[in-house]
Every structure is written in structure tokens, then in C-alpha cells.
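In what follows, a structure is listed as C-alpha cells, so that the remarks can point back to it.
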Amino acid sequence: MTRSLKKNPFIANNLLGKMEKLNMREEKEIIVTWSRASTIMPTMIGHTIAIHNGKEHLPIYITGHMVDHKLGEFSPTKVFAKHTRIDNKSRH
């Protein structure tokens with residue numbers, strides 16, 4: 001279910017505050033966050049945000065086509081190990 005239109009999109013308060021400070025000073029700095037549920041807003045375009053994937057923080061550069069998506073969509077949490085060389089289970 002999506003968030004109600006009566007409410008604003010969810011953005012972590014500390015993340016929004018850090019963005020506003022950087023935009024006022026016109027600086028570019030990597031912002032570290034654990035909030036994967038935060039929505040990407042147009043004011044975030046051009047900034048780099050390090051998003052936690054459960055193990056480490058992955059730096060993601062925010063572009064225009066990412067607006068209205070969640071931060072967690074751009075930070076994969078699982079690593080594909082690769083298929084086994086000999087897989088006889090599927091070949092009966």
C-alpha cells in the first residue's frame with residue numbers, strides 16, 4: 001500500500017536538515033544515512049548519499065530520474081554468488 005496523499009512523502013528529518021544546510025552553503029558532501037525508506041526529492045539532485053545496505057554504506061549519486069523513488073531501491077542488499085559449474089539437479 002502506498003503512503004496517503006494527505007501526508008507528505010517520508011524523508012528522515014536529519015537527512016532533510018543536512019540537505020538544506022548543504023544547499024544553502026552550496027557545498028557537495030557525502031551524506032551518510034541508514035534511512036532506506038526515505039523518498040528522493042528534487043532538492044537532493046546532484047548530491048551523493050551513502051546508503052546503508054546492511055553491511056556497508058554505498059555512495060549513490062542522485063540524478064533526476066531517481067526522484068520519487070526510495071533510497072533503498074538503489075542500494076542492493078544481496079550479492080549474487082554465481083551458479084555452480086556442475087548443476088545436475090536441473091538436468092534429469
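Just remember, in the C-alpha cells the first chain shown is A, the second B, etc., residues are 1-based per chain, and ligands are 1-based in the order shown.
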Extract, using only C-alpha atoms, all DNA, RNA and protein residues at most 12 Å from His52 (chain A), discarding same-chain residues fewer than 5 positions from it, and format them as a list in words.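 Using only C-alpha atoms, the neighbours found are Ile31, Val32, Thr33, Trp34, Ser35, Arg36, Ala37, His57, Leu58, Pro59, Ile60, Leu71, Gly72, Glu73, Phe74, Ser75, Pro76 and Thr77 of chain A.
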Residues at most 12 Å from Glu27 (chain A), counting only C-alpha atoms, excluding those fewer than 6 positions away in the same chain, as an MDAnalysis selection string? chainID A and resid 18:21 46:48
Would you list the contacts of Asn8 (chain A) as JSON, numbers by chain, taking every protein, DNA or RNA residue within 12 Å and counting only C-alpha atoms, but skipping same-chain residues closer than 5 positions in sequence? {"A": [2, 3, 38, 39, 41, 68]}
Let's have the selection written as a compact mmCIF listing (two decimals), in the first residue's frame, with N, CA and C atoms.
```txt
# COMPACT_ATOMS: atom_id res chain seq x y z
N THR A 2 0.49 2.24 -0.76
CA THR A 2 1.29 3.46 -0.83
C THR A 2 0.92 4.41 0.30
N ARG A 3 1.74 5.41 0.48
CA ARG A 3 1.52 6.39 1.53
C ARG A 3 0.36 7.31 1.14
N SER A 38 13.42 6.52 2.94
CA SER A 38 13.23 7.93 2.58
C SER A 38 13.03 8.09 1.09
N THR A 39 12.13 9.00 0.72
CA THR A 39 11.84 9.29 -0.67
C THR A 39 12.83 10.33 -1.19
N MET A 41 13.80 13.49 -3.17
CA MET A 41 13.14 14.74 -3.54
C MET A 41 14.01 15.51 -4.55
N ASP A 68 11.23 10.67 -6.59
CA ASP A 68 10.02 9.95 -6.19
C ASP A 68 10.25 8.45 -5.99
```
With DSSP run on the backbone, what are the alpha helix (DSSP H) residues within region 11-59 of chain A? I'd like them as a list in words. Asn13, Asn14, Leu15, Leu16, Gly17, Lys18, Met19, Glu20, Lys21, Leu22, Asn23, Met24 and Arg25 of chain A
Picked from chain A by DSSP as strand (DSSP E), as a list of chain:residue names: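 Listing strand (DSSP E) positions across chain A yields A:Ile31, A:Val32, A:Thr33, A:Thr48, A:Ile49, A:Ala50, A:Ile51, A:His52, A:His57, A:Leu58, A:Pro59, A:Ile60, A:Tyr61.
Rounded to one decimal, CA of Glu29 (chain A) and CA of Met44 (chain A) lie 11.7 Å from each other.
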Smallest atom-to-atom distance to Met66 (chain A): which of A:Gly17, A:Ala50, A:Pro42, A:Phe80, using only C-alpha atoms?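 For Met66 (chain A), the nearest of the given residues is A:Pro42.
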What does the structure give for the distance between CA of Ile62 (chain A) and CA of Glu26 (chain A), in Å to one decimal?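 Result for CA of Ile62 (chain A) versus CA of Glu26 (chain A): 15.7 Å, one decimal.
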Interatomic distance between CA of Leu22 (chain A) and CA of Phe10 (chain A)?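 Atom-to-atom, CA of Leu22 (chain A) to CA of Phe10 (chain A), that is 19.7 Å.
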